[in-house]
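To be precise, the following lines are my_file.cif, and they hold mmCIF, C-alpha atoms.
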data_entry
#
loop_
_atom_site.label_atom_id
_atom_site.label_comp_id
_atom_site.auth_asym_id
_atom_site.auth_seq_id
_atom_site.Cartn_x
_atom_site.Cartn_y
_atom_site.Cartn_z
CA MET A 12 12.01 -24.54 6.58
CA LEU A 13 10.45 -24.66 3.12
CA THR A 14 8.97 -27.58 1.21
CA THR A 15 7.13 -27.55 -2.08
CA ARG A 16 5.52 -30.44 -3.91
CA ARG A 17 4.57 -30.29 -7.58
CA LEU A 18 4.29 -26.55 -7.24
CA GLY A 19 2.90 -24.80 -10.29
CA LYS A 20 1.58 -21.45 -11.31
CA ARG A 21 -0.57 -20.35 -14.20
CA TYR A 22 -1.71 -16.89 -15.21
CA GLY A 23 -4.80 -17.72 -17.22
CA GLU A 24 -3.65 -20.00 -20.01
CA LYS A 25 0.01 -19.21 -19.51
CA ARG A 26 1.95 -21.62 -17.34
CA VAL A 27 4.91 -19.90 -15.68
CA LEU A 28 5.98 -22.60 -13.23
CA ARG A 29 5.65 -26.37 -13.45
CA LYS A 30 6.04 -29.16 -10.88
CA ILE A 31 8.66 -27.68 -8.60
CA ASP A 32 9.76 -29.92 -5.72
CA LEU A 33 11.91 -28.19 -3.11
CA ASP A 34 13.25 -29.16 0.29
CA LEU A 35 15.06 -26.28 1.89
CA PRO A 36 16.16 -27.13 5.43
CA ARG A 37 16.72 -24.54 8.15
CA GLY A 38 20.10 -22.92 7.51
CA GLY A 39 20.06 -24.00 3.85
CA PHE A 40 21.12 -21.77 0.97
CA LEU A 41 19.31 -22.49 -2.28
CA VAL A 42 20.46 -20.72 -5.42
CA VAL A 43 17.89 -20.50 -8.20
CA THR A 44 19.11 -19.86 -11.73
CA GLY A 45 17.45 -19.76 -15.11
CA PRO A 46 16.91 -17.50 -18.09
CA ASN A 47 14.46 -14.62 -18.12
CA GLY A 48 10.90 -15.91 -18.14
CA SER A 49 11.75 -19.22 -16.48
CA GLY A 50 9.65 -18.38 -13.41
CA LYS A 51 12.35 -17.46 -10.87
CA THR A 52 10.51 -14.38 -9.64
CA THR A 53 7.18 -16.21 -9.50
CA LEU A 54 8.75 -19.05 -7.50
CA LEU A 55 10.36 -16.63 -5.07
CA ARG A 56 7.14 -14.62 -4.64
CA ILE A 57 5.24 -17.81 -3.86
CA CYS A 58 7.91 -18.88 -1.36
CA ALA A 59 7.78 -15.45 0.31
CA GLY A 60 3.99 -15.64 0.59
CA LEU A 61 3.33 -12.85 -1.88
CA ALA A 62 1.64 -15.09 -4.45
CA GLN A 63 -0.41 -18.24 -4.31
CA PRO A 64 0.38 -21.35 -6.36
CA THR A 65 -2.32 -22.62 -8.69
CA GLU A 66 -1.03 -26.22 -8.46
CA GLY A 67 0.75 -28.30 -5.84
CA LYS A 68 1.42 -27.30 -2.27
CA ILE A 69 3.89 -25.33 -0.22
CA GLU A 70 4.77 -25.62 3.46
CA ARG A 71 6.68 -22.80 5.09
CA ALA A 72 7.91 -23.05 8.68
CA ALA A 73 8.22 -19.29 8.97
CA THR A 74 5.57 -16.76 9.84
CA ARG A 75 5.09 -13.56 7.87
CA ALA A 76 7.21 -11.71 10.44
CA GLN A 77 10.07 -14.17 9.88
CA VAL A 78 10.24 -13.72 6.11
CA GLY A 79 12.44 -11.11 4.47
CA TYR A 80 11.86 -10.41 0.78
CA LEU A 81 13.99 -8.44 -1.63
CA GLY A 82 12.44 -8.18 -5.06
CA HIS A 83 13.11 -6.18 -8.20
CA GLU A 84 11.71 -3.11 -6.48
CA PRO A 85 13.25 -1.77 -3.25
CA LEU A 86 9.81 -1.55 -1.52
CA VAL A 87 10.62 1.86 -0.07
CA TYR A 88 8.80 5.18 -0.50
CA ARG A 89 10.75 7.63 -2.65
CA GLU A 90 9.33 10.74 -0.96
CA LEU A 91 10.37 9.54 2.50
CA THR A 92 13.91 9.61 3.85
CA ALA A 93 15.86 6.42 4.52
CA LEU A 94 15.26 6.90 8.23
CA GLU A 95 11.52 7.42 7.80
CA ASN A 96 11.22 4.34 5.59
CA LEU A 97 13.04 2.15 8.08
CA GLU A 98 11.12 3.68 11.01
CA LEU A 99 7.86 2.77 9.25
CA TYR A 100 8.89 -0.84 8.70
CA GLY A 101 10.42 -1.03 12.17
CA ARG A 102 7.09 0.00 13.69
CA LEU A 103 5.11 -2.44 11.54
CA TYR A 104 7.47 -5.27 12.55
CA ARG A 105 7.30 -4.07 16.19
CA LEU A 106 11.04 -4.10 16.67
CA PRO A 107 11.93 -3.61 20.34
CA GLU A 108 15.17 -1.65 19.81
CA ARG A 109 14.22 -0.07 16.53
CA ARG A 110 16.42 3.02 16.58
CA GLU A 111 19.60 1.10 17.45
CA ARG A 112 18.95 -1.53 14.80
CA ILE A 113 18.20 1.07 12.12
CA GLY A 114 21.31 3.06 13.02
CA MET A 115 23.50 -0.04 12.90
CA LEU A 116 22.18 -1.09 9.48
CA LEU A 117 22.49 2.41 7.99
CA GLU A 118 26.09 2.55 9.24
CA ARG A 119 26.89 -0.88 7.89
CA PHE A 120 25.51 -0.13 4.43
CA GLY A 121 27.09 3.31 4.24
CA LEU A 122 23.86 5.31 4.35
CA TRP A 123 24.18 6.96 7.75
CA GLU A 124 25.27 10.31 6.32
CA ALA A 125 22.38 10.29 3.85
CA ARG A 126 19.76 9.10 6.34
CA HIS A 127 17.79 12.38 6.29
CA GLU A 128 17.75 12.63 2.49
CA ARG A 129 14.71 11.56 0.56
CA VAL A 130 15.12 8.31 -1.33
CA VAL A 131 14.17 10.06 -4.58
CA SER A 132 17.61 11.76 -4.45
CA TYR A 133 19.46 8.44 -4.00
CA SER A 134 21.34 6.69 -6.78
CA ARG A 135 20.10 3.24 -7.80
CA GLY A 136 22.88 1.60 -5.84
CA MET A 137 22.08 3.57 -2.69
CA THR A 138 18.40 2.66 -3.03
CA GLN A 139 19.36 -1.00 -3.32
CA ARG A 140 21.47 -0.68 -0.17
CA LEU A 141 18.48 0.81 1.59
CA ALA A 142 16.40 -2.11 0.32
CA LEU A 143 18.95 -4.43 1.95
CA CYS A 144 18.62 -2.50 5.23
CA ARG A 145 14.84 -2.96 4.99
CA LEU A 146 15.30 -6.66 4.25
CA LEU A 147 17.53 -7.26 7.26
CA LEU A 148 15.77 -4.87 9.65
CA HIS A 149 13.62 -7.46 11.40
CA GLU A 150 16.29 -10.21 11.31
CA PRO A 151 14.22 -12.62 9.23
CA GLU A 152 14.68 -16.38 9.48
CA LEU A 153 13.90 -16.97 5.82
CA LEU A 154 15.48 -14.58 3.34
CA VAL A 155 14.11 -14.56 -0.19
CA LEU A 156 16.31 -12.53 -2.52
CA ASP A 157 15.44 -12.01 -6.15
CA GLU A 158 18.58 -10.99 -8.06
CA PRO A 159 19.93 -8.93 -5.17
CA TYR A 160 23.13 -7.92 -6.97
CA SER A 161 21.34 -6.40 -9.94
CA ALA A 162 21.59 -2.72 -8.96
CA LEU A 163 24.66 -2.78 -6.74
CA ASP A 164 28.07 -1.37 -7.60
CA GLU A 165 31.15 -3.41 -6.64
CA ALA A 166 31.37 -1.91 -3.13
CA GLY A 167 27.69 -2.61 -2.52
CA ALA A 168 28.04 -6.13 -3.88
CA GLU A 169 30.98 -6.78 -1.54
CA LEU A 170 28.90 -5.52 1.39
CA LEU A 171 26.14 -7.92 0.41
CA ASP A 172 28.67 -10.77 0.04
CA ALA A 173 29.89 -10.08 3.57
CA GLN A 174 26.35 -9.98 4.92
CA LEU A 175 25.40 -13.23 3.22
CA SER A 176 28.56 -14.94 4.49
CA GLU A 177 27.85 -13.75 8.02
CA LEU A 178 24.28 -14.98 8.01
CA SER A 179 24.59 -18.16 5.95
CA GLY A 180 24.20 -21.24 8.07
CA GLU A 181 22.28 -19.26 10.70
CA ARG A 182 19.46 -18.20 8.39
CA THR A 183 17.75 -19.87 5.46
CA PHE A 184 18.29 -18.35 2.03
CA LEU A 185 16.48 -18.63 -1.26
CA LEU A 186 18.32 -16.54 -3.80
CA SER A 187 17.91 -16.13 -7.53
CA THR A 188 20.75 -14.80 -9.63
CA HIS A 189 22.18 -14.62 -13.13
CA ASP A 190 25.66 -14.84 -11.61
CA PRO A 191 25.66 -18.10 -9.62
CA ALA A 192 29.47 -18.13 -9.32
CA ARG A 193 29.23 -15.16 -6.94
CA VAL A 194 27.28 -17.12 -4.32
CA ASP A 195 28.57 -20.58 -5.20
CA PRO A 196 30.72 -20.95 -2.04
CA LEU A 197 27.64 -20.34 0.14
CA ALA A 198 25.17 -22.50 -1.79
CA SER A 199 23.97 -25.70 -0.18
CA ASP A 200 21.68 -26.52 -3.08
CA ARG A 201 20.94 -25.33 -6.61
CA LEU A 202 17.84 -25.24 -8.76
CA ALA A 203 18.01 -24.47 -12.45
CA LEU A 204 14.73 -23.47 -14.05
CA ALA A 205 14.09 -23.68 -17.75
CA VAL A 206 11.70 -21.68 -19.92
CA MET B 8 -3.18 -1.37 21.07
CA SER B 9 -0.56 -2.49 18.54
CA TYR B 10 -3.29 -2.32 15.86
CA VAL B 11 -3.83 1.35 16.66
CA ARG B 12 -0.06 1.95 16.50
CA ASP B 13 0.11 0.24 13.09
CA VAL B 14 -2.75 2.37 11.78
CA GLY B 15 -1.06 5.46 13.20
CA ALA B 16 2.28 4.65 11.56
CA LEU B 17 0.65 3.94 8.19
CA ALA B 18 -1.60 7.02 8.26
CA ARG B 19 1.35 9.20 9.27
CA LYS B 20 3.26 7.83 6.29
CA ASP B 21 0.38 8.74 3.93
CA LEU B 22 0.09 12.26 5.33
CA LEU B 23 3.85 12.74 5.11
CA LEU B 24 3.87 11.56 1.50
CA GLU B 25 1.15 14.05 0.62
CA LEU B 26 2.91 16.84 2.50
CA ARG B 27 6.05 16.17 0.45
CA ALA B 28 4.60 15.35 -2.96
CA ARG B 29 1.48 17.59 -2.82
CA ASP B 30 -0.19 15.47 -5.46
CA THR B 31 -3.70 15.12 -4.09
CA LEU B 32 -4.89 17.91 -1.82
CA PRO B 33 -4.16 20.90 -4.12
CA ALA B 34 -6.03 19.11 -6.93
CA MET B 35 -9.00 18.44 -4.66
CA LEU B 36 -9.09 22.05 -3.44
CA LEU B 37 -8.89 23.50 -6.93
CA PHE B 38 -11.49 21.09 -8.24
CA VAL B 39 -14.09 21.75 -5.56
CA ALA B 40 -13.61 25.53 -5.81
CA ALA B 41 -13.88 25.41 -9.61
CA VAL B 42 -17.05 23.29 -9.44
CA PHE B 43 -18.83 25.81 -7.21
CA VAL B 44 -17.75 28.74 -9.36
CA VAL B 45 -19.01 26.92 -12.47
CA PHE B 46 -22.30 26.05 -10.78
CA HIS B 47 -22.69 29.63 -9.59
CA PHE B 48 -22.46 31.02 -13.10
CA ALA B 49 -24.18 28.13 -14.85
CA LEU B 50 -27.37 28.16 -12.79
CA PRO B 51 -29.83 30.88 -13.79
CA GLY B 52 -31.73 32.86 -11.14
CA THR B 53 -31.80 31.67 -7.54
CA PRO B 54 -31.79 27.88 -7.34
CA SER B 55 -33.80 26.24 -4.58
CA ARG B 56 -32.23 24.76 -1.47
CA LEU B 57 -33.06 21.26 -2.71
CA GLU B 58 -31.28 21.84 -6.01
CA THR B 59 -28.19 23.36 -4.46
CA SER B 60 -28.00 20.58 -1.87
CA GLY B 61 -27.76 18.16 -4.76
CA LEU B 62 -24.97 20.24 -6.25
CA LEU B 63 -23.10 20.28 -2.96
CA TRP B 64 -23.12 16.50 -2.83
CA VAL B 65 -22.17 16.10 -6.46
CA ALA B 66 -19.17 18.36 -5.79
CA ILE B 67 -18.18 16.48 -2.60
CA LEU B 68 -18.54 13.08 -4.25
CA PHE B 69 -16.42 13.92 -7.27
CA THR B 70 -13.83 15.72 -5.16
CA ALA B 71 -13.60 12.60 -3.00
CA LEU B 72 -13.22 10.50 -6.14
CA LEU B 73 -10.16 12.57 -7.09
CA GLY B 74 -8.56 11.80 -3.73
CA LEU B 75 -9.57 8.15 -3.80
CA GLY B 76 -8.13 7.72 -7.27
CA ARG B 77 -4.75 8.83 -5.96
CA ALA B 78 -4.89 7.01 -2.62
CA PHE B 79 -2.86 3.99 -3.72
CA VAL B 80 -0.67 5.74 -6.29
CA PRO B 81 2.52 5.63 -4.16
CA GLU B 82 2.00 1.91 -3.52
CA ARG B 83 1.33 1.26 -7.21
CA GLU B 84 4.14 3.40 -8.64
CA GLN B 85 6.75 2.38 -6.10
CA ARG B 86 5.43 -1.20 -5.74
CA THR B 87 5.50 -0.87 -1.95
CA PHE B 88 2.35 -2.92 -1.51
CA ASP B 89 4.52 -6.05 -1.22
CA GLY B 90 6.37 -4.54 1.72
CA LEU B 91 3.14 -3.63 3.53
CA VAL B 92 1.49 -6.96 2.79
CA LEU B 93 4.51 -8.89 4.11
CA ALA B 94 4.60 -6.92 7.37
CA PRO B 95 3.09 -8.88 10.25
CA CYS B 96 0.44 -6.27 11.03
CA ASP B 97 -3.25 -6.93 10.41
CA ARG B 98 -3.80 -6.05 6.74
CA SER B 99 -6.99 -4.18 7.53
CA ALA B 100 -4.73 -1.58 9.19
CA ILE B 101 -3.61 -0.60 5.67
CA TRP B 102 -7.24 0.06 4.69
CA LEU B 103 -8.04 1.96 7.87
CA ALA B 104 -4.92 4.13 7.68
CA LYS B 105 -5.50 4.92 4.02
CA SER B 106 -9.16 5.74 4.75
CA LEU B 107 -8.14 8.11 7.55
CA ALA B 108 -5.59 9.87 5.35
CA THR B 109 -8.15 10.28 2.55
CA LEU B 110 -10.67 11.50 5.12
CA ALA B 111 -8.18 14.17 6.23
CA PHE B 112 -7.71 15.36 2.63
CA LEU B 113 -11.47 15.39 2.00
CA ALA B 114 -12.12 17.27 5.24
CA ALA B 115 -9.51 19.85 4.23
CA ALA B 116 -11.23 20.24 0.84
CA GLU B 117 -14.56 20.70 2.61
CA VAL B 118 -13.13 23.44 4.81
CA VAL B 119 -12.93 25.37 1.54
CA ALA B 120 -16.04 23.88 -0.09
CA LEU B 121 -18.62 24.63 2.60
CA PRO B 122 -17.87 28.36 2.96
CA LEU B 123 -17.87 28.65 -0.84
CA TYR B 124 -21.23 26.89 -0.98
CA ALA B 125 -22.55 29.30 1.68
CA LEU B 126 -21.16 32.26 -0.27
CA PHE B 127 -22.65 31.29 -3.61
CA PHE B 128 -25.86 29.47 -2.62
CA HIS B 129 -27.30 28.87 0.85
CA ARG B 130 -26.27 28.91 4.49
CA VAL B 131 -24.80 25.63 5.75
CA GLY B 132 -26.77 24.33 8.74
CA GLY B 133 -25.74 22.00 11.54
CA ALA B 134 -27.57 19.08 9.90
CA THR B 135 -25.58 19.54 6.70
CA VAL B 136 -22.30 19.59 8.65
CA ALA B 137 -23.33 16.40 10.48
CA ALA B 138 -24.31 14.82 7.15
CA VAL B 139 -20.97 15.83 5.64
CA PHE B 140 -19.13 14.20 8.53
CA LEU B 141 -21.09 10.94 8.32
CA ALA B 142 -21.00 10.86 4.53
CA ASP B 143 -17.22 11.41 4.55
CA LEU B 144 -16.75 8.33 6.71
CA GLY B 145 -18.71 6.19 4.27
CA ILE B 146 -17.15 7.72 1.17
CA CYS B 147 -13.59 7.23 2.43
CA GLY B 148 -14.14 3.75 3.87
CA VAL B 149 -15.88 2.29 0.83
CA GLY B 150 -13.85 4.31 -1.68
CA THR B 151 -10.51 3.22 -0.20
CA PHE B 152 -11.60 -0.40 -0.24
CA LEU B 153 -12.63 -0.16 -3.89
CA GLY B 154 -9.48 1.83 -4.68
CA ALA B 155 -7.37 -1.07 -3.40
CA MET B 156 -9.34 -3.44 -5.64
CA ALA B 157 -9.06 -1.17 -8.67
CA VAL B 158 -5.35 -0.45 -8.28
CA ALA B 159 -4.49 -4.07 -9.08
CA THR B 160 -6.21 -3.86 -12.48
CA ARG B 161 -5.15 -2.29 -15.75
CA ALA B 162 -8.40 -0.31 -16.07
CA ARG B 163 -7.99 1.17 -12.58
CA ASP B 164 -8.91 4.75 -13.56
CA LEU B 165 -12.12 3.54 -15.14
CA LEU B 166 -12.97 0.88 -12.61
CA LEU B 167 -12.94 2.99 -9.45
CA PRO B 168 -15.76 5.38 -10.46
CA LEU B 169 -17.74 2.51 -11.96
CA LEU B 170 -17.57 0.57 -8.69
CA PHE B 171 -17.75 3.52 -6.34
CA LEU B 172 -20.60 5.66 -7.70
CA PRO B 173 -23.33 3.00 -7.46
CA LEU B 174 -22.25 2.17 -3.91
CA ALA B 175 -22.22 5.88 -3.04
CA MET B 176 -25.86 6.37 -4.08
CA PRO B 177 -27.23 5.64 -0.58
CA ILE B 178 -24.81 8.25 0.78
CA VAL B 179 -26.18 10.87 -1.62
CA VAL B 180 -29.77 9.96 -0.73
CA GLY B 181 -29.09 10.16 3.02
CA ALA B 182 -26.95 13.30 2.80
CA VAL B 183 -29.30 15.30 0.57
CA GLY B 184 -32.21 14.20 2.74
CA ALA B 185 -30.43 15.32 5.92
CA SER B 186 -29.57 18.67 4.32
CA VAL B 187 -33.10 19.63 3.27
CA VAL B 188 -35.66 18.23 5.73
CA ASP B 189 -36.63 19.84 9.02
CA SER B 190 -35.99 16.68 11.10
CA PRO B 191 -32.82 15.15 9.69
CA GLY B 192 -32.45 12.48 12.41
CA ARG B 193 -33.75 9.64 10.27
CA TYR B 194 -31.37 10.46 7.40
CA LEU B 195 -28.39 10.91 9.72
CA GLY B 196 -29.22 7.55 11.31
CA PHE B 197 -29.34 6.02 7.84
CA LEU B 198 -25.88 7.46 7.05
CA ALA B 199 -24.50 6.17 10.35
CA LEU B 200 -25.91 2.71 9.63
CA TYR B 201 -24.38 2.74 6.14
CA ASP B 202 -21.00 3.71 7.63
CA LEU B 203 -21.16 0.98 10.24
CA LEU B 204 -22.24 -1.73 7.82
CA PHE B 205 -19.66 -0.94 5.18
CA ALA B 206 -16.89 -0.34 7.72
CA VAL B 207 -17.40 -3.88 9.04
CA VAL B 208 -17.53 -5.37 5.53
CA CYS B 209 -14.42 -3.49 4.35
CA TRP B 210 -12.48 -4.19 7.54
CA ALA B 211 -13.27 -7.91 7.44
CA SER B 212 -12.62 -8.45 3.74
CA PHE B 213 -9.62 -6.20 3.01
CA GLU B 214 -7.32 -9.15 3.67
CA TYR B 215 -8.74 -10.85 0.56
CA VAL B 216 -8.45 -7.71 -1.54
CA VAL B 217 -4.70 -7.43 -1.00
CA ALA B 218 -4.07 -11.16 -1.33
CA GLU B 219 -3.00 -11.99 -4.87
#
What would you get if you wrote out this structure as structure tokens?
Amino acid sequence: MLTTRRLGKRYGEKRVLRKIDLDLPRGGFLVVTGPNGSGKTTLLRICAGLAQPTEGKIERAATRAQVGYLGHEPLVYRELTALENLELYGRLYRLPERRERIGMLLERFGLWEARHERVVSYSRGMTQRLALCRLLLHEPELLVLDEPYSALDEAGAELLDAQLSELSGERTFLLSTHDPARVDPLASDRLALAV
Amino acid sequence: MSYVRDVGALARKDLLLELRARDTLPAMLLFVAAVFVVFHFALPGTPSRLETSGLLWVAILFTALLGLGRAFVPEREQRTFDGLVLAPCDRSAIWLAKSLATLAFLAAAEVVALPLYALFFHRVGGATVAAVFLADLGICGVGTFLGAMAVATRARDLLLPLLFLPLAMPIVVGAVGASVVDSPGRYLGFLALYDLLFAVVCWASFEYVVAE
């Protein structure tokens, strides 16, 4: 699903990623760890197609529509409601049964009651749950998750655990975390980056 | 057809955001009204039609610049550009939708600006209205494109006017010309050609602007 060879990234003189070789097969679950500044986010952004490497090459067997990305930001509009945000993405991804899918995800992540409230009124944890709804909305083949547990409370984290368990094996995951023990049972491979 | 639906969904989102946040349009309306009031009191005697036409276009251009400067603020502040760029729609739909939303705000500001101009200075003729329409298309298309370029930089507030104003010069030339001559056809044609040329350039190259 994803292969990189001698992948590197520089911002001007600063090298943030050096010679990364990855082979992530379909259905694989790669956990990326490393201290702050080791290039986890840069690697994940390159793998999601949001950034271009300056060295090496990357091959991704997933189209843009098949990639789901969860970064440090929820990628939702604060002045829109949860429903409006998901409707927007649902239209852009041309989901055939958009309303049903959105309703199911909002129910699953405990946001159905708050679906007509603007995101600006959400707590950080609720916003992160909405970000997970957005991530899963179009049922991506390749899921790129950058520290997905960072803003979740325990209930939210358990929901995410359940979702990852359900989808692991079926979908391909690339996940960065500071708490690798949490996803260790699901991991098929591990990559530790150094500063 | 799906392209039109994407543009519709994105433009609707921009209009909804403005309706909720009211960040841009009130500022544009206040600015354009204030500019005409200032011009009215600052200009001695009765200025000529040529002079006031120039003032009209200065006011429209800087009012548009206010709107353009805020066009990508939600995407910048809430980092939602990544979400839009990852979506499988043609990326030029983002530019077109944003241009249409900015055009709507500018048109709303002009609904106030033109009567004020008529009140303080001269009657607004059909040629001026046609010039305003054609100029708005060019201003919003080019300005949105440059706004997307500027938003990725640290000096975004400085960069947008520096990039936009030189490229808007032909619009001012064509629009002032159409407002003051007896046969404005040539100037309106020039504005239409400018719109067409830059629309094609912006549409075709927006993909590269939003790529990292």
Next on the checklist: Counting only C-alpha atoms, a student should be able to say which residues of chain A come within 12 Å of chain B; what is the right answer, written as a PyMOL selection string?
Outcome noted: chain A and resi 22+53+56-65+73-92+95-106+129-131+142+145-146+148-149+151+155
Result set of the PyMOL selection byres ((chain B and resi 60-75) around 9) on the coordinates above, as a count of residues only: 50
task = Take CA of Leu197 (chain A) and CA of Thr15 (chain A) and report the distance between them in Å, one decimal.
result =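 If I compute the distance from CA of Leu197 (chain A) to CA of Thr15 (chain A), I get 21.9 Å.
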- Evaluating the PyMOL selection byres ((chain A and resi 182) around 9) on the displayed file yields which residues, as a PyMOL selection string? chain A and resi 37-40+151-154+178-181+183-184
For the selection just defined, write its residues with C-alpha atoms to a file, as a tab-separated table (two decimals), keeping the file's coordinate frame.
chain	number	residue	atom	x	y	z
A	37	ARG	CA	16.72	-24.54	8.15
A	38	GLY	CA	20.10	-22.92	7.51
A	39	GLY	CA	20.06	-24.00	3.85
A	40	PHE	CA	21.12	-21.77	0.97
A	151	PRO	CA	14.22	-12.62	9.23
A	152	GLU	CA	14.68	-16.38	9.48
A	153	LEU	CA	13.90	-16.97	5.82
A	154	LEU	CA	15.48	-14.58	3.34
A	178	LEU	CA	24.28	-14.98	8.01
A	179	SER	CA	24.59	-18.16	5.95
A	180	GLY	CA	24.20	-21.24	8.07
A	181	GLU	CA	22.28	-19.26	10.70
A	183	THR	CA	17.75	-19.87	5.46
A	184	PHE	CA	18.29	-18.35	2.03
